[in-house]
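Structure file final_28.pdb (PDB, C-alpha atoms) is printed below.
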ATOM      1  CA  MET L   1      -5.876   4.855   9.777
ATOM      2  CA  TRP L   2      -2.592   2.957   9.797
ATOM      3  CA  GLY L   3      -0.802   6.146  10.812
ATOM      4  CA  LEU L   4      -2.816   6.484  14.018
ATOM      5  CA  VAL L   5      -2.896   2.828  15.051
ATOM      6  CA  PRO L   6       0.226   3.119  17.314
ATOM      7  CA  LEU L   7      -2.074   4.875  19.777
ATOM      8  CA  PHE L   8      -4.241   1.760  20.008
ATOM      9  CA  TRP L   9      -1.829  -1.117  20.710
ATOM     10  CA  PRO L  10      -0.514   0.195  24.072
ATOM     11  CA  LEU L  11      -4.108   0.197  25.339
ATOM     12  CA  LEU L  12      -4.058  -3.609  25.121
ATOM     13  CA  LYS L  13      -1.331  -4.139  27.725
ATOM     14  CA  PRO L  14      -0.711  -6.392  29.627
ATOM     15  CA  SER L  15      -1.549  -8.638  26.644
ATOM     16  CA  GLY L  16       1.569  -9.750  24.790
ATOM     17  CA  ALA L  17       2.154  -9.212  21.084
ATOM     18  CA  VAL L  18       1.328 -12.834  20.139
ATOM     19  CA  GLU L  19      -1.918 -12.837  22.116
ATOM     20  CA  ILE L  20      -2.946  -9.524  20.540
ATOM     21  CA  LEU L  21      -2.082 -10.933  17.128
ATOM     22  CA  ALA L  22      -4.238 -14.026  17.729
ATOM     23  CA  HIS L  23      -7.186 -11.897  18.825
ATOM     24  CA  ARG L  24      -6.642  -9.710  15.785
ATOM     25  CA  MET L  25      -6.967 -12.735  13.509
ATOM     26  CA  VAL L  26     -10.050 -14.153  15.241
ATOM     27  CA  TRP L  27     -12.018 -10.929  15.533
ATOM     28  CA  SER L  28     -11.119  -9.834  11.999
ATOM     29  CA  LEU L  29     -12.968 -12.866  10.671
ATOM     30  CA  ALA L  30     -16.052 -11.914  12.685
ATOM     31  CA  VAL L  31     -16.017  -8.392  11.232
ATOM     32  CA  VAL L  32     -15.519  -9.652   7.673
ATOM     33  CA  VAL L  33     -18.339 -12.223   7.931
ATOM     34  CA  ILE L  34     -20.722  -9.505   9.109
ATOM     35  CA  ALA L  35     -19.670  -7.313   6.200
ATOM     36  CA  LEU L  36     -20.225 -10.157   3.719
ATOM     37  CA  LEU L  37     -23.681 -10.792   5.169
ATOM     38  CA  VAL L  38     -24.537  -7.136   4.654
ATOM     39  CA  VAL L  39     -23.353  -6.968   1.025
ATOM     40  CA  ARG L  40     -24.478 -10.564   0.252
ATOM     41  CA  ARG L  41     -21.396 -11.543  -1.716
ATOM     42  CA  TRP L  42     -20.737 -15.295  -1.489
ATOM     43  CA  ALA L  43     -20.409 -16.482  -5.086
ATOM     44  CA  TRP L  44     -16.636 -15.902  -4.986
ATOM     45  CA  VAL L  45     -16.192 -18.731  -2.431
ATOM     46  CA  ARG L  46     -17.030 -21.489  -4.924
ATOM     47  CA  GLU L  47     -14.898 -19.878  -7.630
ATOM     48  CA  LEU L  48     -11.929 -19.566  -5.270
ATOM     49  CA  LEU L  49     -12.159 -23.182  -4.129
ATOM     50  CA  GLY L  50     -11.783 -24.216  -7.777
ATOM     51  CA  GLN L  51      -8.547 -22.232  -8.194
ATOM     52  CA  PRO L  52      -5.731 -23.897  -6.215
ATOM     53  CA  ARG L  53      -3.158 -21.347  -7.387
ATOM     54  CA  LYS L  54      -5.115 -18.450  -5.917
ATOM     55  CA  LEU L  55      -5.668 -20.381  -2.721
ATOM     56  CA  GLY L  56      -1.944 -20.961  -2.440
ATOM     57  CA  LEU L  57      -1.242 -17.268  -2.974
ATOM     58  CA  LEU L  58      -3.755 -16.378  -0.274
ATOM     59  CA  VAL L  59      -1.995 -18.721   2.149
ATOM     60  CA  VAL L  60       1.232 -16.844   1.396
ATOM     61  CA  ALA L  61      -0.534 -13.497   1.851
ATOM     62  CA  ALA L  62      -2.040 -14.608   5.176
ATOM     63  CA  THR L  63       1.321 -15.835   6.450
ATOM     64  CA  VAL L  64       3.200 -12.701   5.419
ATOM     65  CA  ILE L  65       0.647 -10.282   6.841
ATOM     66  CA  SER L  66       0.527 -12.171  10.151
ATOM     67  CA  VAL L  67       4.314 -11.756  10.455
ATOM     68  CA  ASN L  68       3.930  -8.062   9.645
ATOM     69  CA  TRP L  69       1.122  -7.597  12.179
ATOM     70  CA  GLY L  70       2.919  -9.387  14.996
ATOM     71  CA  LEU L  71       6.202  -7.576  14.485
ATOM     72  CA  TYR L  72       4.503  -4.204  14.295
ATOM     73  CA  ILE L  73       2.520  -4.744  17.507
ATOM     74  CA  TRP L  74       5.674  -5.861  19.296
ATOM     75  CA  SER L  75       7.598  -2.837  17.957
ATOM     76  CA  VAL L  76       5.028  -0.318  19.159
ATOM     77  CA  ASN L  77       4.600  -1.887  22.601
ATOM     78  CA  THR L  78       8.354  -2.155  23.203
ATOM     79  CA  GLY L  79       9.262   1.440  22.305
ATOM     80  CA  HIS L  80      10.282   1.084  18.645
ATOM     81  CA  VAL L  81       7.625   3.279  17.016
ATOM     82  CA  VAL L  82      10.159   5.390  15.105
ATOM     83  CA  GLU L  83      11.973   2.326  13.776
ATOM     84  CA  ALA L  84       8.640   0.815  12.766
ATOM     85  CA  SER L  85       7.734   4.021  10.940
ATOM     86  CA  LEU L  86      11.040   3.786   9.082
ATOM     87  CA  GLY L  87       9.956   0.381   7.807
ATOM     88  CA  TYR L  88       6.892   1.905   6.206
ATOM     89  CA  PHE L  89       8.924   4.804   4.824
ATOM     90  CA  ILE L  90      11.209   2.252   3.142
ATOM     91  CA  ASN L  91       8.258   0.147   2.019
ATOM     92  CA  PRO L  92       7.398   2.258  -1.088
ATOM     93  CA  LEU L  93      10.973   1.864  -2.326
ATOM     94  CA  VAL L  94      10.868  -1.899  -1.734
ATOM     95  CA  THR L  95       7.492  -2.098  -3.485
ATOM     96  CA  ILE L  96       8.838  -0.241  -6.502
ATOM     97  CA  ALA L  97      11.929  -2.475  -6.612
ATOM     98  CA  MET L  98       9.694  -5.561  -6.539
ATOM     99  CA  GLY L  99       7.637  -4.106  -9.365
ATOM    100  CA  VAL L 100      10.799  -3.934 -11.451
ATOM    101  CA  LEU L 101      12.318  -7.285 -10.499
ATOM    102  CA  LEU L 102       9.195  -9.442 -10.417
ATOM    103  CA  LEU L 103       6.562  -7.681 -12.541
ATOM    104  CA  LYS L 104       9.001  -6.241 -15.103
ATOM    105  CA  GLU L 105       7.670  -2.720 -14.570
ATOM    106  CA  ARG L 106       9.852  -0.046 -16.156
ATOM    107  CA  LEU L 107      11.215   2.739 -13.981
ATOM    108  CA  ARG L 108      11.965   6.277 -15.039
ATOM    109  CA  PRO L 109      15.403   7.748 -14.161
ATOM    110  CA  ALA L 110      13.983   9.684 -11.198
ATOM    111  CA  GLN L 111      12.548   6.495  -9.740
ATOM    112  CA  TRP L 112      15.902   4.731 -10.077
ATOM    113  CA  THR L 113      17.509   7.692  -8.287
ATOM    114  CA  ALA L 114      14.990   7.440  -5.455
ATOM    115  CA  VAL L 115      15.672   3.730  -4.988
ATOM    116  CA  GLY L 116      19.421   4.422  -4.895
ATOM    117  CA  VAL L 117      19.003   7.151  -2.274
ATOM    118  CA  GLY L 118      16.859   4.760  -0.240
ATOM    119  CA  LEU L 119      19.637   2.160  -0.268
ATOM    120  CA  ALA L 120      22.071   4.824   0.907
ATOM    121  CA  ALA L 121      19.697   5.639   3.765
ATOM    122  CA  VAL L 122      19.679   2.008   4.901
ATOM    123  CA  LEU L 123      23.497   1.971   4.872
ATOM    124  CA  VAL L 124      23.674   5.166   6.954
ATOM    125  CA  LEU L 125      21.226   3.761   9.487
ATOM    126  CA  ALA L 126      23.079   0.435   9.630
ATOM    127  CA  ILE L 127      26.329   2.249  10.411
ATOM    128  CA  GLY L 128      24.603   4.390  13.024
ATOM    129  CA  TYR L 129      22.873   1.470  14.752
ATOM    130  CA  GLY L 130      25.901  -0.781  14.481
ATOM    131  CA  GLN L 131      23.707  -3.288  12.615
ATOM    132  CA  PRO L 132      21.086  -3.156   9.878
ATOM    133  CA  PRO L 133      17.681  -1.792  10.987
ATOM    134  CA  TRP L 134      16.144  -5.271  11.096
ATOM    135  CA  ILE L 135      12.724  -4.219  12.378
ATOM    136  CA  SER L 136      12.353  -1.633   9.612
ATOM    137  CA  LEU L 137      13.560  -3.975   6.878
ATOM    138  CA  ALA L 138      11.369  -6.867   8.033
ATOM    139  CA  LEU L 139       8.274  -4.653   8.113
ATOM    140  CA  ALA L 140       9.079  -3.160   4.708
ATOM    141  CA  PHE L 141       9.724  -6.455   2.930
ATOM    142  CA  SER L 142       6.809  -8.298   4.529
ATOM    143  CA  PHE L 143       4.285  -5.625   3.621
ATOM    144  CA  ALA L 144       5.708  -5.145   0.130
ATOM    145  CA  THR L 145       5.430  -8.903  -0.402
ATOM    146  CA  TYR L 146       1.848  -8.775   0.818
ATOM    147  CA  GLY L 147       1.060  -6.047  -1.723
ATOM    148  CA  LEU L 148       2.680  -8.050  -4.507
ATOM    149  CA  VAL L 149       0.695 -11.197  -3.653
ATOM    150  CA  LYS L 150      -2.545  -9.202  -3.475
ATOM    151  CA  LYS L 151      -1.755  -7.891  -6.937
ATOM    152  CA  LYS L 152      -1.354 -11.447  -8.223
ATOM    153  CA  VAL L 153      -4.490 -12.801  -6.528
ATOM    154  CA  ASN L 154      -6.636 -10.061  -8.062
ATOM    155  CA  ILE L 155      -9.863 -10.534  -6.124
ATOM    156  CA  GLY L 156     -11.894  -7.951  -4.226
ATOM    157  CA  GLY L 157     -10.522  -6.454  -1.032
ATOM    158  CA  LEU L 158     -13.291  -7.772   1.225
ATOM    159  CA  GLU L 159     -13.220 -11.230  -0.352
ATOM    160  CA  SER L 160      -9.449 -11.473  -0.127
ATOM    161  CA  LEU L 161      -9.425 -10.446   3.520
ATOM    162  CA  ALA L 162     -12.180 -12.977   4.271
ATOM    163  CA  ALA L 163     -10.122 -15.784   2.748
ATOM    164  CA  GLU L 164      -6.982 -14.713   4.616
ATOM    165  CA  THR L 165      -8.753 -14.521   7.970
ATOM    166  CA  VAL L 166     -10.295 -17.977   7.439
ATOM    167  CA  ILE L 167      -6.776 -19.324   6.872
ATOM    168  CA  LEU L 168      -5.515 -17.603  10.035
ATOM    169  CA  PHE L 169      -8.554 -18.353  12.197
ATOM    170  CA  VAL L 170      -7.865 -21.961  13.212
ATOM    171  CA  PRO L 171      -4.250 -21.520  14.420
ATOM    172  CA  ALA L 172      -5.157 -18.236  16.128
ATOM    173  CA  LEU L 173      -8.158 -19.713  17.945
ATOM    174  CA  GLY L 174      -6.141 -22.782  18.913
ATOM    175  CA  TYR L 175      -3.458 -20.571  20.462
ATOM    176  CA  LEU L 176      -6.030 -18.545  22.426
ATOM    177  CA  LEU L 177      -7.673 -21.715  23.762
ATOM    178  CA  TRP L 178      -4.279 -23.063  24.827
ATOM    179  CA  LEU L 179      -3.453 -19.721  26.465
ATOM    180  CA  GLY L 180      -6.737 -19.796  28.370
ATOM    181  CA  ALA L 181      -6.243 -23.382  29.505
ATOM    182  CA  SER L 182      -2.780 -22.537  30.840
ATOM    183  CA  GLY L 183      -4.140 -19.553  32.781
ATOM    184  CA  ASP L 184      -2.088 -16.958  30.893
ATOM    185  CA  ALA L 185      -4.882 -15.355  28.857
ATOM    186  CA  THR L 186      -5.816 -11.721  29.556
ATOM    187  CA  PHE L 187      -9.211 -11.867  27.794
ATOM    188  CA  GLY L 188     -11.640 -11.936  30.713
ATOM    189  CA  PRO L 189      -9.355 -11.724  33.770
ATOM    190  CA  GLU L 190      -8.446  -8.103  32.904
ATOM    191  CA  GLY L 191     -12.085  -7.001  32.851
ATOM    192  CA  ALA L 192     -14.822  -6.275  30.323
ATOM    193  CA  GLY L 193     -13.174  -3.094  29.052
ATOM    194  CA  HIS L 194      -9.979  -4.920  28.173
ATOM    195  CA  ALA L 195     -11.955  -7.708  26.496
ATOM    196  CA  ALA L 196     -13.839  -5.111  24.418
ATOM    197  CA  LEU L 197     -10.563  -3.551  23.302
ATOM    198  CA  LEU L 198      -9.216  -6.940  22.243
ATOM    199  CA  ALA L 199     -12.419  -7.563  20.265
ATOM    200  CA  ALA L 200     -12.015  -4.148  18.614
ATOM    201  CA  THR L 201      -8.804  -5.377  16.989
ATOM    202  CA  GLY L 202     -11.067  -6.902  14.337
ATOM    203  CA  VAL L 203     -12.351  -3.497  13.266
ATOM    204  CA  VAL L 204      -8.906  -1.889  13.539
ATOM    205  CA  THR L 205      -7.538  -4.631  11.273
ATOM    206  CA  ALA L 206     -10.327  -5.156   8.759
ATOM    207  CA  VAL L 207     -11.235  -1.626   7.694
ATOM    208  CA  PRO L 208      -7.806  -0.412   6.461
ATOM    209  CA  LEU L 209      -6.944  -3.818   4.971
ATOM    210  CA  VAL L 210     -10.160  -3.877   2.935
ATOM    211  CA  CYS L 211      -9.251  -0.438   1.601
ATOM    212  CA  PHE L 212      -5.728  -1.609   0.782
ATOM    213  CA  GLY L 213      -6.922  -4.792  -0.884
ATOM    214  CA  ALA L 214      -9.345  -2.851  -3.051
ATOM    215  CA  ALA L 215      -6.590  -0.450  -4.098
ATOM    216  CA  ALA L 216      -4.014  -3.144  -4.844
ATOM    217  CA  ILE L 217      -5.990  -4.474  -7.835
ATOM    218  CA  ARG L 218      -6.900  -1.051  -9.199
ATOM    219  CA  VAL L 219      -3.655   0.945  -9.355
ATOM    220  CA  PRO L 220      -0.104   0.205 -10.559
ATOM    221  CA  LEU L 221       2.214  -1.257  -7.952
ATOM    222  CA  SER L 222       4.535   1.741  -8.235
ATOM    223  CA  THR L 223       1.647   4.124  -7.479
ATOM    224  CA  LEU L 224       0.581   1.952  -4.567
ATOM    225  CA  GLY L 225       4.082   2.198  -3.158
ATOM    226  CA  LEU L 226       4.061   5.981  -3.527
ATOM    227  CA  LEU L 227       0.840   6.363  -1.546
ATOM    228  CA  GLN L 228       1.947   4.149   1.305
ATOM    229  CA  TYR L 229       4.362   6.636   2.832
ATOM    230  CA  LEU L 230       1.475   8.748   4.164
ATOM    231  CA  ALA L 231       0.959   6.427   7.163
ATOM    232  CA  PRO L 232       4.563   6.475   8.449
ATOM    233  CA  VAL L 233       4.502  10.271   8.566
ATOM    234  CA  PHE L 234       1.908  10.022  11.328
ATOM    235  CA  GLN L 235       3.742   7.143  12.979
ATOM    236  CA  PHE L 236       7.036   9.045  12.988
ATOM    237  CA  LEU L 237       5.444  12.139  14.507
ATOM    238  CA  LEU L 238       3.767  10.024  17.181
ATOM    239  CA  GLY L 239       7.081   8.331  17.983
ATOM    240  CA  ILE L 240       8.857  11.671  18.451
ATOM    241  CA  LEU L 241       6.149  13.898  19.931
ATOM    242  CA  TYR L 242       3.960  11.454  21.868
ATOM    243  CA  PHE L 243       6.176   8.495  22.781
ATOM    244  CA  HIS L 244       9.311  10.708  23.097
ATOM    245  CA  GLU L 245      11.696   8.237  21.456
ATOM    246  CA  ALA L 246      15.339   9.227  20.986
ATOM    247  CA  MET L 247      16.538  10.605  17.634
ATOM    248  CA  PRO L 248      20.360  10.654  17.504
ATOM    249  CA  ALA L 249      22.135  12.360  14.626
ATOM    250  CA  GLU L 250      22.675   9.210  12.553
ATOM    251  CA  ARG L 251      18.961   8.409  12.730
ATOM    252  CA  TRP L 252      18.079  11.921  11.523
ATOM    253  CA  ALA L 253      20.592  11.507   8.678
ATOM    254  CA  GLY L 254      19.056   8.198   7.603
ATOM    255  CA  PHE L 255      15.524   9.557   7.762
ATOM    256  CA  ALA L 256      16.583  12.645   5.812
ATOM    257  CA  LEU L 257      17.845  10.427   2.972
ATOM    258  CA  VAL L 258      14.622   8.414   2.980
ATOM    259  CA  TRP L 259      12.572  11.604   2.831
ATOM    260  CA  ALA L 260      14.751  12.861  -0.015
ATOM    261  CA  ALA L 261      14.030   9.647  -1.929
ATOM    262  CA  LEU L 262      10.311  10.013  -1.317
ATOM    263  CA  SER L 263      10.434  13.664  -2.406
ATOM    264  CA  ILE L 264      12.012  12.566  -5.699
ATOM    265  CA  LEU L 265       9.250   9.982  -6.166
ATOM    266  CA  THR L 266       6.556  12.559  -5.459
ATOM    267  CA  TRP L 267       8.040  15.109  -7.850
ATOM    268  CA  ASP L 268       8.396  12.489 -10.569
ATOM    269  CA  ALA L 269       4.829  11.240 -10.097
ATOM    270  CA  LEU L 270       3.389  14.763 -10.303
ATOM    271  CA  ARG L 271       5.473  15.596 -13.367
ATOM    272  CA  THR L 272       4.440  12.395 -15.130
ATOM    273  CA  ALA L 273       0.782  12.974 -14.290
ATOM    274  CA  ARG L 274       0.966  16.503 -15.741
ATOM    275  CA  ARG L 275       2.594  15.256 -18.937
ATOM    276  CA  THR L 276       0.028  12.508 -19.309
ATOM    277  CA  ARG L 277      -2.845  14.965 -18.866
ATOM    278  CA  ALA L 278      -1.249  17.415 -21.299
ATOM    279  CA  GLY L 279      -0.765  14.679 -23.883
ATOM    280  CA  ALA L 280      -4.332  13.468 -23.536
ATOM    281  CA  GLU L 281      -5.633  17.035 -23.848
ATOM    282  CA  ALA L 282      -3.519  17.653 -26.955
ATOM    283  CA  LEU L 283      -4.815  14.458 -28.525
ATOM    284  CA  ARG L 284      -8.410  15.363 -27.672
ATOM    285  CA  ARG L 285      -8.005  18.811 -29.220
ATOM    286  CA  ALA L 286      -6.432  17.337 -32.317
ATOM    287  CA  GLU L 287      -9.324  14.931 -32.775
ATOM    288  CA  ALA L 288     -11.887  17.646 -32.125
ATOM    289  CA  GLY L 289     -10.169  19.930 -34.644
ATOM    290  CA  THR L 290     -10.595  17.525 -37.595
ATOM    291  CA  PRO L 291     -12.823  19.417 -40.047
ATOM    292  CA  PRO L 292     -16.130  17.664 -40.780
ATOM    293  CA  LYS L 293     -17.187  16.890 -44.282
ATOM    294  CA  ALA L 294     -18.829  19.982 -45.739
ATOM    295  CA  ALA L 295     -21.952  19.952 -47.857
ATOM    296  CA  PRO L 296     -21.451  20.610 -51.602
ATOM    297  CA  ARG L 297     -21.525  24.274 -52.452
ATOM    298  CA  ALA L 298     -20.959  26.547 -55.389
ATOM    299  CA  GLN L 299     -17.432  26.456 -56.733
ATOM    300  CA  PRO L 300     -15.402  29.667 -56.079
ATOM    301  CA  PRO L 301     -13.066  31.138 -58.687
ATOM    302  CA  ASP L 302      -9.903  29.173 -59.525
ATOM    303  CA  GLY L 303      -7.610  31.376 -57.384
ATOM    304  CA  ALA L 304      -9.707  30.964 -54.249
ATOM    305  CA  ARG L 305      -9.803  27.182 -54.736
ATOM    306  CA  THR L 306      -5.972  27.078 -54.749
ATOM    307  CA  VAL L 307      -5.673  29.075 -51.493
ATOM    308  CA  GLY L 308      -8.272  26.846 -49.856
ATOM    309  CA  ARG L 309      -6.367  23.703 -50.772
ATOM    310  CA  VAL L 310      -3.117  25.086 -49.314
ATOM    311  CA  GLU L 311      -4.793  26.169 -46.042
ATOM    312  CA  SER L 312      -6.531  22.810 -45.699
ATOM    313  CA  SER L 313      -3.262  20.916 -46.131
ATOM    314  CA  ALA L 314      -1.519  23.081 -43.526
ATOM    315  CA  SER L 315      -4.356  22.569 -41.040
ATOM    316  CA  GLY L 316      -4.283  18.793 -41.513
ATOM    317  CA  ALA L 317      -0.527  18.621 -40.969
ATOM    318  CA  GLY L 318      -0.818  20.628 -37.757
ATOM    319  CA  ALA L 319      -3.501  18.313 -36.407
ATOM    320  CA  SER L 320      -1.404  15.256 -37.203
ATOM    321  CA  GLY L 321       1.594  16.728 -35.416
ATOM    322  CA  ALA L 322      -0.449  17.481 -32.319
ATOM    323  CA  GLY L 323      -1.819  13.955 -32.315
ATOM    324  CA  ALA L 324       1.655  12.456 -32.480
ATOM    325  CA  SER L 325       2.812  14.683 -29.666
ATOM    326  CA  GLY L 326      -0.147  13.691 -27.519
ATOM    327  CA  ALA L 327       0.409   9.998 -28.135
ATOM    328  CA  GLY L 328       4.044  10.337 -27.134
ATOM    329  CA  ALA L 329       3.220  12.093 -23.904
ATOM    330  CA  SER L 330       0.562   9.556 -23.041
ATOM    331  CA  GLY L 331       2.971   6.692 -23.690
ATOM    332  CA  GLU L 332       5.539   8.177 -21.337
TER     333      GLU L 332
END
Reformat the file's structure so that it appears as structure tokens.
Amino acid sequence: MWGLVPLFWPLLKPSGAVEILAHRMVWSLAVVVIALLVVRRWAWVRELLGQPRKLGLLVVAATVISVNWGLYIWSVNTGHVVEASLGYFINPLVTIAMGVLLLKERLRPAQWTAVGVGLAAVLVLAIGYGQPPWISLALAFSFATYGLVKKKVNIGGLESLAAETVILFVPALGYLLWLGASGDATFGPEGAGHAALLAATGVVTAVPLVCFGAAAIRVPLSTLGLLQYLAPVFQFLLGILYFHEAMPAERWAGFALVWAALSILTWDALRTARRTRAGAEALRRAEAGTPPKAAPRAQPPDGARTVGRVESSASGAGASGAGASGAGASGE
């Protein structure tokens, strides 16, 4: 959904980025309230009001995501779709780095390599542009910060979005009222179709954010970062094939390094998942292979009893070794 949203924002012209952002905040609250009425989940409101720390974190989340939204809308509507997509390509690397620095998550060597290649990509792009890719970096850091805060808040996706939109509602509505009073608003003067599109920003905003909020409290931050590069693939292709933005050689070189970093992350994630599954399977087989206690039976001759004891000892040692191997793989 986030990958296709660049097709939507140009439909809202001649509205400016700030006006679109304000409508996005106001109509998102309407969508979320309807959703809460359908699912009948309100008990969280009282609990949240009794937790000032979580409320403070939600204020931070609301502020950061509003910056991200506004900058992204402006980027798309001013011909910077490719640069915006770069921000979301970089975002997984920033998210992983934050996981290490702030959450003390441990990285594997391949992940460290990917982060290093990503830094090299930013340097190449900075040299090519003549300045750092500020739009890309601002989008990457703002959204990575949003993901980190959502991880800390640890409440449901719908509930979290409801709280954030309540925080954003008053300033957004105040701005729209001021815009209307000054005669600069486009909601209404541009026709019913345009007004309907502005109202649809609530749906466009709420649905993917609810999905993201639900995922942020269920998966590791490093995994969340890995999954987030799916959207910029669509955005990049739209920027090149649909919006026909320029791609000079230095931009291709920078993107190639970013894609190399993401390829390393993907390979490492798949390899780790395979090892974890193999370890769990080995442990399961080892546990299933433990011989049950047998019922008493007639004693065989002395020679057969000796062979049986030796075979039993060998079998037990093999099972223990498999269990240790499985535990090691699972730990990795």
Could you list the residues chosen by the PyMOL selection byres ((chain L and resi 146-148) around 7) in this structure as a tab-separated table (two decimals) with C-alpha atoms, in the coordinates of the input?
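What ended up in selection.tsv:
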chain	number	residue	atom	x	y	z
L	61	ALA	CA	-0.53	-13.50	1.85
L	64	VAL	CA	3.20	-12.70	5.42
L	65	ILE	CA	0.65	-10.28	6.84
L	142	SER	CA	6.81	-8.30	4.53
L	143	PHE	CA	4.28	-5.62	3.62
L	144	ALA	CA	5.71	-5.14	0.13
L	145	THR	CA	5.43	-8.90	-0.40
L	149	VAL	CA	0.70	-11.20	-3.65
L	150	LYS	CA	-2.54	-9.20	-3.48
L	151	LYS	CA	-1.76	-7.89	-6.94
L	152	LYS	CA	-1.35	-11.45	-8.22
L	216	ALA	CA	-4.01	-3.14	-4.84
*Which residues match the PyMOL selection byres ((chain L and resi 107) around 12) in the file above, as JSON, numbers by chain?*
{"L": [93, 96, 97, 98, 99, 100, 101, 103, 104, 105, 106, 108, 109, 110, 111, 112, 113, 114, 115, 221, 222, 223, 265, 268, 269, 272, 332]}
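Counting all atoms listed in the file and comparing L:Trp74, L:Trp2, L:Trp252, L:Tyr242, the residue that lies closest to Ala121 (chain L) is L:Trp252.
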*Of the residues L:Phe255, L:Pro171, L:Ala30, L:Gly188, which is the one nearest to Pro133 (chain L), using only C-alpha atoms?*
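Of all the options, L:Phe255 lies closest to Pro133 (chain L).
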*asked:* Please report the interatomic distance between CA of His194 (chain L) and CA of Leu173 (chain L) in Å with one decimal.
replied: 18.1 Å
Region 132-220 of chain L residues near region 8-26 of chain L within 10 Å, closest pair each, using all atoms listed in the file, as CSV:
residue,atom,partner,partner_atom,distance
L:Glu164,CA,L:Met25,CA,9.1
L:Thr165,CA,L:Met25,CA,6.1
L:Val166,CA,L:Met25,CA,8.7
L:Ile167,CA,L:Met25,CA,9.4
L:Leu168,CA,L:Met25,CA,6.2
L:Phe169,CA,L:Val26,CA,5.4
L:Val170,CA,L:Val26,CA,8.4
L:Pro171,CA,L:Ala22,CA,8.2
L:Ala172,CA,L:Ala22,CA,4.6
L:Leu173,CA,L:Val26,CA,6.5
L:Gly174,CA,L:Ala22,CA,9.0
L:Tyr175,CA,L:Ala22,CA,7.1
L:Leu176,CA,L:Ala22,CA,6.8
L:Leu179,CA,L:Glu19,CA,8.3
L:Asp184,CA,L:Ser15,CA,9.4
L:Ala185,CA,L:Glu19,CA,7.8
L:Thr186,CA,L:Ser15,CA,6.0
L:Phe187,CA,L:Ser15,CA,8.4
L:Glu190,CA,L:Pro14,CA,8.6
L:Gly193,CA,L:Leu12,CA,9.9
L:His194,CA,L:Leu12,CA,6.8
L:Ala195,CA,L:Leu12,CA,9.0
L:Ala196,CA,L:Leu12,CA,9.9
L:Leu197,CA,L:Leu12,CA,6.8
L:Leu198,CA,L:His23,CA,6.4
L:Ala199,CA,L:His23,CA,6.9
L:Ala200,CA,L:Arg24,CA,8.2
L:Thr201,CA,L:Arg24,CA,5.0
L:Gly202,CA,L:Arg24,CA,5.4
L:Val203,CA,L:Arg24,CA,8.8
L:Val204,CA,L:Arg24,CA,8.4
L:Thr205,CA,L:Arg24,CA,6.9
L:Ala206,CA,L:Arg24,CA,9.1
_Residues within 6 Å of Glu83 (chain L), please, as number ranges by chain. Count all atoms listed in the file; anything in the same chain fewer than 3 positions from it doesn't count._
L: 80, 86, 136
*asked:* Using only C-alpha atoms for the distances, tell me which of L:Pro92, L:Arg274, L:Glu281, L:Glu159 is nearest to Ala43 (chain L).
replied: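 Under the stated criterion, the closest residue is L:Glu159.
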*Enter the distance from CA of Met247 (chain L) to CA of Gly128 (chain L), in Å, rounded to one decimal.*
11.2 Å
